[in-house]
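Novice: Below is final16.cif; it holds mmCIF, C-alpha atoms.
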data_upload
loop_
_atom_site.label_atom_id
_atom_site.label_comp_id
_atom_site.auth_asym_id
_atom_site.auth_seq_id
_atom_site.Cartn_x
_atom_site.Cartn_y
_atom_site.Cartn_z
CA MET A 994 4.50 17.39 -6.75
CA VAL A 995 3.65 14.23 -4.77
CA LEU A 996 0.86 12.14 -6.28
CA PRO A 997 -1.48 10.13 -4.02
CA LEU A 998 -0.97 6.37 -4.19
CA TRP A 999 -4.29 5.78 -5.93
CA VAL A 1000 -3.32 8.20 -8.71
CA LYS A 1001 0.02 6.42 -9.13
CA GLN A 1002 -1.84 3.11 -9.31
CA VAL A 1003 -4.19 4.34 -12.02
CA LEU A 1004 -1.37 5.85 -14.03
CA TYR A 1005 0.70 2.68 -13.71
CA VAL A 1006 -2.15 0.44 -14.87
CA LYS A 1007 -2.98 2.68 -17.83
CA LEU A 1008 0.65 3.05 -18.82
CA LYS A 1009 1.15 -0.71 -18.56
CA GLU A 1010 -1.84 -1.30 -20.83
CA ASP A 1011 -0.49 1.22 -23.31
CA MET A 1012 2.96 -0.39 -23.27
CA GLN A 1013 1.42 -3.82 -23.79
CA LYS A 1014 -0.48 -2.44 -26.76
CA HIS A 1015 2.81 -1.26 -28.32
CA ASN A 1016 4.74 -4.43 -27.39
CA CYS A 1017 6.92 -2.51 -24.91
CA VAL A 1018 6.28 -4.61 -21.79
CA GLU A 1019 9.93 -5.59 -21.51
CA PHE A 1020 10.73 -1.93 -20.87
CA LEU A 1021 8.90 -2.18 -17.53
CA ASP A 1022 11.59 -4.56 -16.30
CA LYS A 1023 14.56 -2.63 -17.69
CA SER A 1024 16.84 -1.46 -14.89
CA SER A 1025 17.17 2.28 -14.38
CA ASP A 1026 20.92 2.20 -15.04
CA LYS A 1027 20.17 1.27 -18.66
CA LEU A 1028 17.64 4.04 -19.34
CA LEU A 1029 18.90 7.01 -21.32
CA ALA A 1030 16.40 9.42 -19.73
CA LEU A 1031 17.70 8.67 -16.20
CA TYR A 1032 21.37 8.93 -17.09
CA SER A 1033 23.41 11.84 -15.68
CA PRO A 1034 26.19 12.82 -18.13
CA LEU A 1035 29.61 13.33 -16.57
CA LEU A 1036 31.83 16.19 -17.66
CA THR A 1037 35.43 15.48 -18.55
CA TYR A 1038 38.25 17.83 -17.59
CA ALA A 1039 38.02 19.29 -21.11
CA GLY A 1040 34.28 19.81 -20.64
CA LYS A 1041 34.74 21.62 -17.34
CA ASP A 1042 37.49 23.77 -18.88
CA GLU A 1043 35.34 24.67 -21.91
CA LEU A 1044 32.37 25.51 -19.70
CA LEU A 1045 34.57 27.84 -17.67
CA LYS A 1046 36.55 29.52 -20.46
CA LYS A 1047 34.30 29.10 -23.53
CA ASN A 1048 37.32 29.05 -25.81
CA ALA A 1049 35.53 27.17 -28.61
CA GLY A 1050 32.75 29.75 -28.90
CA LEU A 1051 30.02 27.12 -29.01
CA ASP A 1052 26.29 27.68 -29.26
CA ALA A 1053 24.73 28.93 -26.02
CA ASN A 1054 22.63 25.79 -25.75
CA ILE A 1055 25.76 23.63 -25.65
CA TYR A 1056 27.06 25.61 -22.68
CA THR A 1057 23.66 25.29 -21.02
CA PHE A 1058 23.81 21.54 -21.58
CA LEU A 1059 27.30 21.37 -20.06
CA LYS A 1060 26.20 23.53 -17.10
CA LEU A 1061 23.31 21.20 -16.32
CA CYS A 1062 25.60 18.18 -16.67
CA SER A 1063 27.97 19.74 -14.14
CA ALA A 1064 25.01 20.02 -11.75
CA ASP A 1065 24.41 16.24 -12.06
CA TYR A 1066 21.15 16.60 -14.00
CA THR A 1067 19.73 13.62 -15.85
CA ILE A 1068 18.98 13.64 -19.57
CA LEU A 1069 15.29 13.95 -18.64
CA ASP A 1070 15.93 16.95 -16.37
CA ILE A 1071 18.01 18.61 -19.07
CA SER A 1072 15.25 18.12 -21.64
CA LEU A 1073 12.66 19.67 -19.32
CA ASN A 1074 14.89 22.58 -18.32
CA MET A 1075 15.79 23.48 -21.88
CA PHE A 1076 12.36 22.69 -23.37
CA LEU A 1077 14.00 20.21 -25.72
CA THR A 1078 12.78 16.97 -27.25
CA MET A 1079 14.66 13.82 -26.30
CA GLU A 1080 15.98 13.78 -29.87
CA GLU A 1081 17.45 17.28 -29.50
CA THR A 1082 18.97 16.48 -26.11
CA SER A 1083 20.49 13.29 -27.51
CA LYS A 1084 22.12 15.29 -30.30
CA TYR A 1085 23.76 17.63 -27.77
CA PHE A 1086 24.79 14.59 -25.72
CA MET A 1087 26.43 12.79 -28.65
CA PHE A 1088 28.12 16.01 -29.82
CA CYS A 1089 29.66 16.55 -26.39
CA ILE A 1090 30.86 12.94 -26.26
CA GLU A 1091 32.49 13.29 -29.68
CA GLN A 1092 34.18 16.54 -28.66
CA GLY A 1093 35.45 14.99 -25.44
CA TYR A 1094 33.41 17.29 -23.19
CA VAL A 1095 31.32 14.47 -21.71
CA GLU A 1096 32.37 10.95 -20.80
CA ARG A 1097 31.07 8.05 -22.85
CA PRO A 1098 28.50 6.13 -20.76
CA GLU A 1099 29.63 2.80 -19.34
CA SER A 1100 26.29 1.34 -20.38
CA ASN A 1101 26.37 0.22 -24.01
CA GLU A 1102 22.57 0.43 -24.11
CA ILE A 1103 22.51 4.10 -23.09
CA TYR A 1104 25.21 5.01 -25.60
CA ALA A 1105 23.53 3.05 -28.40
CA MET A 1106 20.10 4.54 -27.68
CA ALA A 1107 21.45 8.10 -27.63
CA GLY A 1108 23.19 7.48 -30.94
CA PHE A 1109 20.08 5.98 -32.51
CA ILE A 1110 17.61 8.60 -31.24
CA SER A 1111 19.91 11.43 -32.30
CA GLY A 1112 20.18 9.98 -35.81
CA LYS A 1113 23.90 9.34 -35.40
CA PHE A 1114 23.57 5.55 -35.61
CA LYS A 1115 21.73 3.51 -38.19
CA THR A 1116 19.82 0.46 -37.03
CA GLY A 1117 22.69 -1.96 -37.56
CA GLU A 1118 25.04 0.36 -35.68
CA TYR A 1119 22.57 0.56 -32.80
CA PHE A 1120 22.41 -3.21 -32.37
CA GLN A 1121 26.16 -3.46 -32.76
CA SER A 1122 26.77 -0.70 -30.20
CA ASN A 1123 24.55 -2.30 -27.56
CA LYS A 1124 26.21 -5.68 -28.22
CA THR A 1125 23.05 -7.37 -29.50
CA LEU A 1126 24.89 -8.09 -32.75
CA SER A 1127 28.57 -8.47 -33.48
CA MET A 1128 30.32 -6.74 -36.36
CA MET A 1129 30.48 -10.09 -38.17
CA GLN A 1130 26.71 -10.58 -37.82
CA VAL A 1131 26.01 -7.09 -39.18
CA GLN A 1132 28.30 -7.86 -42.12
CA GLU A 1133 26.53 -11.19 -42.59
CA GLY A 1134 23.21 -9.36 -42.83
CA LEU A 1135 24.56 -6.87 -45.36
CA SER A 1136 26.05 -9.68 -47.46
CA GLU A 1137 22.79 -11.60 -47.39
CA GLN A 1138 20.89 -8.46 -48.43
CA LYS A 1139 23.19 -7.96 -51.44
CA LYS A 1140 22.85 -11.64 -52.35
CA ILE A 1141 19.05 -11.43 -52.33
CA ASP A 1142 19.13 -8.25 -54.44
CA SER A 1143 21.53 -9.83 -56.96
CA TYR A 1144 19.12 -12.72 -57.51
CA GLY A 1145 16.51 -10.23 -58.61
CA GLY A 1146 14.06 -11.22 -55.92
CA LYS A 1147 11.97 -8.95 -53.72
CA HIS A 1148 14.12 -6.28 -52.13
CA LEU A 1149 14.25 -6.73 -48.38
CA LYS A 1150 15.15 -4.05 -45.89
CA PHE A 1151 18.19 -4.71 -43.74
CA LEU A 1152 16.11 -5.51 -40.65
CA GLU A 1153 13.91 -7.87 -42.65
CA VAL A 1154 17.04 -9.70 -43.75
CA LEU A 1155 18.26 -9.99 -40.15
CA ASP A 1156 14.82 -11.36 -39.22
CA THR A 1157 14.91 -13.81 -42.11
CA ILE A 1158 18.31 -15.26 -41.15
CA GLY A 1159 17.34 -15.46 -37.48
CA LEU A 1160 19.57 -12.75 -36.02
CA LEU A 1161 16.72 -10.47 -34.89
CA LYS A 1162 13.00 -10.68 -34.31
CA GLU A 1163 10.47 -8.05 -35.31
CA ASP A 1164 9.75 -7.20 -31.67
CA ASP A 1165 13.44 -6.41 -31.18
CA TYR A 1166 13.36 -3.47 -33.57
CA LYS A 1167 9.73 -2.32 -33.53
CA ILE A 1168 10.25 -0.88 -30.07
CA ILE A 1169 13.29 1.22 -30.92
CA PHE A 1170 11.55 2.77 -33.91
CA LEU A 1171 8.63 3.69 -31.66
CA LEU A 1172 11.05 5.26 -29.18
CA GLN A 1173 12.81 7.12 -31.98
CA GLU A 1174 9.49 8.57 -33.17
CA GLU A 1175 8.33 9.45 -29.67
CA ALA A 1176 11.66 11.16 -29.00
CA LYS A 1177 10.72 13.83 -31.54
CA LYS A 1178 7.83 14.99 -29.34
CA ARG A 1179 8.28 17.86 -26.91
CA PHE A 1180 7.09 17.17 -23.37
CA VAL A 1181 6.20 20.25 -21.33
CA ILE A 1182 5.16 20.39 -17.70
CA ASP A 1183 4.28 23.34 -15.51
CA TYR A 1184 7.25 25.70 -15.71
CA ASN A 1185 7.27 26.07 -11.93
CA LEU A 1186 7.79 22.32 -11.56
CA VAL A 1187 10.92 22.20 -13.71
CA PRO A 1188 14.04 21.52 -11.59
CA ASP A 1189 15.34 24.84 -10.32
CA ALA A 1190 18.23 25.54 -12.67
CA GLU A 1191 19.55 29.03 -13.25
CA ARG A 1192 16.70 30.76 -15.10
CA GLY A 1193 18.96 33.06 -17.12
CA TYR A 1194 20.88 30.27 -18.81
CA ASN A 1195 19.64 31.16 -22.30
CA SER A 1196 19.81 34.94 -22.06
CA GLU A 1197 21.81 35.23 -25.27
CA HIS A 1198 18.94 33.71 -27.18
CA GLU A 1199 15.83 34.91 -25.40
CA LYS A 1200 12.68 33.06 -26.27
CA GLU A 1201 10.16 35.03 -28.27
CA SER A 1202 6.91 35.61 -26.43
CA ALA A 1203 5.02 33.66 -29.06
CA GLU A 1204 7.16 30.58 -28.42
CA VAL A 1205 6.59 30.83 -24.68
CA GLU A 1206 2.85 31.07 -25.21
CA ALA A 1207 2.98 28.04 -27.48
CA LEU A 1208 4.75 26.04 -24.77
CA LYS A 1209 2.16 27.11 -22.19
CA GLU A 1210 -0.62 26.03 -24.53
CA GLU A 1211 1.04 22.65 -25.08
CA ASN A 1212 1.40 22.25 -21.33
CA LYS A 1213 -2.29 23.06 -20.86
CA LYS A 1214 -3.26 20.36 -23.35
CA LEU A 1215 -1.15 17.77 -21.53
CA LYS A 1216 -2.87 18.61 -18.26
CA GLU A 1217 -6.28 18.32 -19.91
CA LYS A 1218 -5.37 14.87 -21.24
CA LEU A 1219 -4.45 13.74 -17.72
CA VAL A 1220 -7.79 14.97 -16.38
CA GLN A 1221 -9.63 13.17 -19.20
CA LEU A 1222 -7.72 9.99 -18.39
CA LEU A 1223 -8.75 10.15 -14.74
CA HIS A 1224 -12.40 10.77 -15.67
CA LEU A 1225 -12.29 7.83 -18.07
CA VAL A 1226 -10.95 5.55 -15.37
CA LYS A 1227 -13.68 6.67 -12.95
CA ARG A 1228 -16.38 5.80 -15.50
CA ASN A 1229 -14.92 2.34 -16.04
CA VAL A 1230 -14.61 1.50 -12.35
#
Could you take the file, read its structure, and then write that structure out as structure tokens?
Specialist:
Amino acid sequence: MVLPLWVKQVLYVKLKEDMQKHNCVEFLDKSSDKLLALYSPLLTYAGKDELLKKNAGLDANIYTFLKLCSADYTILDISLNMFLTMEETSKYFMFCIEQGYVERPESNEIYAMAGFISGKFKTGEYFQSNKTLSMMQVQEGLSEQKKIDSYGGKHLKFLEVLDTIGLLKEDDYKIIFLLQEEAKKRFVIDYNLVPDAERGYNSEHEKESAEVEALKEENKKLKEKLVQLLHLVKRNV
């Protein structure tokens, strides 16, 4: 679907305003090679072999994930094809990295974000993985937290301690928690617009008709929200 330029302009302006509201403006300038959603996982030799032979007897969704990776699909495309949340896709991604089926991304940011969104990494591990903090700085924060607790003062969360000792600012970690929360939401578009992967990929676990109807209903609501947004913009022009 190709959107007219004026629609793209309206969407960009509204999205920019929304990102400013949530202190996410810096994400507008982030290069595409550091965005998890635009990353195309690469299969290793072991991954290709497992996809072909299925010796490990993995869940059907894992094989679907590997199949889409072999077709050079991005994390976003995989999520849309499999009707997964970004959190669910990140879990498959991290699992396949750990099992040696998929190569570890060269980008530390992509790897750290996938680990954080999937729940594999805690906050300190995220900032250590993307090289924002060193291992010594993380240890410094933990030591300072224990010291504060031992004095019987107000208990501070780890991130609050890092903020207090000047290693992180609130804006540095507010954004990733917002992303983590948003990653739990399922995004559905018109089924006919999903990249044309093999439709029978999940035949072993056929979707119940009720689930399909629920996805269609969710898709309908998303379309209605877009229409409401456009009407709102017209009124404000």
Novice: Take the PyMOL selection byres ((chain A and resi 1117) around 10), apply it to the structure above, and return the hits as an NGL selection string.
Specialist: :A and (1109 or 1114-1116 or 1118-1122 or 1125-1128 or 1130-1132 or 1134-1135 or 1151-1152 or 1155)
Novice: Deliver the residues from the most recent selection as a file, using C-alpha atoms, as a short mmCIF file (atom, residue, chain, number, x, y, z; two decimals), keeping the file's coordinate frame.
Specialist:
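Output (out_28.cif):
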data_model
loop_
_atom_site.label_atom_id
_atom_site.label_comp_id
_atom_site.auth_asym_id
_atom_site.auth_seq_id
_atom_site.Cartn_x
_atom_site.Cartn_y
_atom_site.Cartn_z
CA PHE A 1109 20.08 5.98 -32.51
CA PHE A 1114 23.57 5.55 -35.61
CA LYS A 1115 21.73 3.51 -38.19
CA THR A 1116 19.82 0.46 -37.03
CA GLU A 1118 25.04 0.36 -35.68
CA TYR A 1119 22.57 0.56 -32.80
CA PHE A 1120 22.41 -3.21 -32.37
CA GLN A 1121 26.16 -3.46 -32.76
CA SER A 1122 26.77 -0.70 -30.20
CA THR A 1125 23.05 -7.37 -29.50
CA LEU A 1126 24.89 -8.09 -32.75
CA SER A 1127 28.57 -8.47 -33.48
CA MET A 1128 30.32 -6.74 -36.36
CA GLN A 1130 26.71 -10.58 -37.82
CA VAL A 1131 26.01 -7.09 -39.18
CA GLN A 1132 28.30 -7.86 -42.12
CA GLY A 1134 23.21 -9.36 -42.83
CA LEU A 1135 24.56 -6.87 -45.36
CA PHE A 1151 18.19 -4.71 -43.74
CA LEU A 1152 16.11 -5.51 -40.65
CA LEU A 1155 18.26 -9.99 -40.15
#
Novice: Name the residues that the PyMOL selection byres ((chain A and resi 1034-1045) around 8) pulls out of this structure, and write them as a PDB file with C-alpha atoms, in the coordinates of the input.
Specialist:
ATOM      1  CA  TYR A1032      21.370   8.930 -17.090  1.00  0.00           C
ATOM      2  CA  SER A1033      23.410  11.840 -15.680  1.00  0.00           C
ATOM      3  CA  LYS A1046      36.550  29.520 -20.460  1.00  0.00           C
ATOM      4  CA  LYS A1047      34.300  29.100 -23.530  1.00  0.00           C
ATOM      5  CA  ASN A1048      37.320  29.050 -25.810  1.00  0.00           C
ATOM      6  CA  ALA A1049      35.530  27.170 -28.610  1.00  0.00           C
ATOM      7  CA  TYR A1056      27.060  25.610 -22.680  1.00  0.00           C
ATOM      8  CA  LEU A1059      27.300  21.370 -20.060  1.00  0.00           C
ATOM      9  CA  LYS A1060      26.200  23.530 -17.100  1.00  0.00           C
ATOM     10  CA  CYS A1062      25.600  18.180 -16.670  1.00  0.00           C
ATOM     11  CA  SER A1063      27.970  19.740 -14.140  1.00  0.00           C
ATOM     12  CA  ASP A1065      24.410  16.240 -12.060  1.00  0.00           C
ATOM     13  CA  TYR A1066      21.150  16.600 -14.000  1.00  0.00           C
ATOM     14  CA  THR A1067      19.730  13.620 -15.850  1.00  0.00           C
ATOM     15  CA  ILE A1068      18.980  13.640 -19.570  1.00  0.00           C
ATOM     16  CA  PHE A1086      24.790  14.590 -25.720  1.00  0.00           C
ATOM     17  CA  GLY A1093      35.450  14.990 -25.440  1.00  0.00           C
ATOM     18  CA  TYR A1094      33.410  17.290 -23.190  1.00  0.00           C
ATOM     19  CA  VAL A1095      31.320  14.470 -21.710  1.00  0.00           C
ATOM     20  CA  GLU A1096      32.370  10.950 -20.800  1.00  0.00           C
ATOM     21  CA  PRO A1098      28.500   6.130 -20.760  1.00  0.00           C
TER      22      PRO A1098
END
Novice: Which of these, A:Thr1078, A:Ile1055, A:Tyr1104, A:Leu1161, has the shortest distance to Gln1173 in chain A once you count only C-alpha atoms?
Specialist: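 Once distances to Gln1173 in chain A are computed over only C-alpha atoms, the minimum belongs to A:Thr1078.
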Novice: Looking at all atoms listed in the file, which of A:Met1106, A:Val1000, A:Asn1123, A:Glu1099 is the one that sits closest to Ile1168 in chain A?
Specialist: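 Of A:Met1106, A:Val1000, A:Asn1123, A:Glu1099, the one nearest Ile1168 in chain A, counting all atoms listed in the file, is A:Met1106.
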Novice: Pick out the residues sitting within 9 Å of range 1137-1139 of chain A, and hand them over as a ChimeraX atom specification; count all atoms listed in the file, and ignore anything fewer than 6 positions along from it in its own chain.
Specialist: /A:1148-1151,1154-1155,1158
Novice: Distance CA of Asp1142 in chain A-CA of Gly1112 in chain A, one decimal place?
Specialist: 26.1 Å
Novice: Run the PyMOL selection byres ((chain A and resi 1177) around 9) against the file shown and list the residues it catches, as a tab-separated table (two decimals) with C-alpha atoms, keeping the file's coordinate frame.
Specialist:
chain	number	residue	atom	x	y	z
A	1078	THR	CA	12.78	16.97	-27.25
A	1079	MET	CA	14.66	13.82	-26.30
A	1080	GLU	CA	15.98	13.78	-29.87
A	1081	GLU	CA	17.45	17.28	-29.50
A	1110	ILE	CA	17.61	8.60	-31.24
A	1172	LEU	CA	11.05	5.26	-29.18
A	1173	GLN	CA	12.81	7.12	-31.98
A	1174	GLU	CA	9.49	8.57	-33.17
A	1175	GLU	CA	8.33	9.45	-29.67
A	1176	ALA	CA	11.66	11.16	-29.00
A	1178	LYS	CA	7.83	14.99	-29.34
A	1179	ARG	CA	8.28	17.86	-26.91
Novice: Can you measure CA of Met1129 in chain A to CA of Cys1089 in chain A for me? One decimal in Å is fine.
Specialist: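 A separation of 29.1 Å between them.
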Novice: Distance CA of Ala1107 in chain A-CA of Lys1084 in chain A, one decimal place?
Specialist: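 CA of Ala1107 in chain A sits 7.7 Å away from CA of Lys1084 in chain A.
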Novice: I need the residue nearest Ser1111 in chain A from this list: A:Met1087, A:Leu1160, A:Leu1008, A:Ile1071. Use only C-alpha atoms for the distance.
Specialist: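 Selected residue with least distance to Ser1111 in chain A: A:Met1087.
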Novice: When distances are computed from all atoms listed in the file, which of A:Lys1162, A:Lys1009, A:Lys1140, A:Lys1027 shows the smallest separation from Ala1105 in chain A?
Specialist: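 Closest to Ala1105 in chain A, using all atoms listed in the file: A:Lys1027.
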Novice: Which residue is closest to Ile1141 in chain A? Choose from A:Ser1025, A:Thr1157, A:Ser1100, A:Gln1092 and count all atoms listed in the file.
Specialist: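 Of A:Ser1025, A:Thr1157, A:Ser1100, A:Gln1092, the one nearest Ile1141 in chain A is A:Thr1157, counting all atoms listed in the file.
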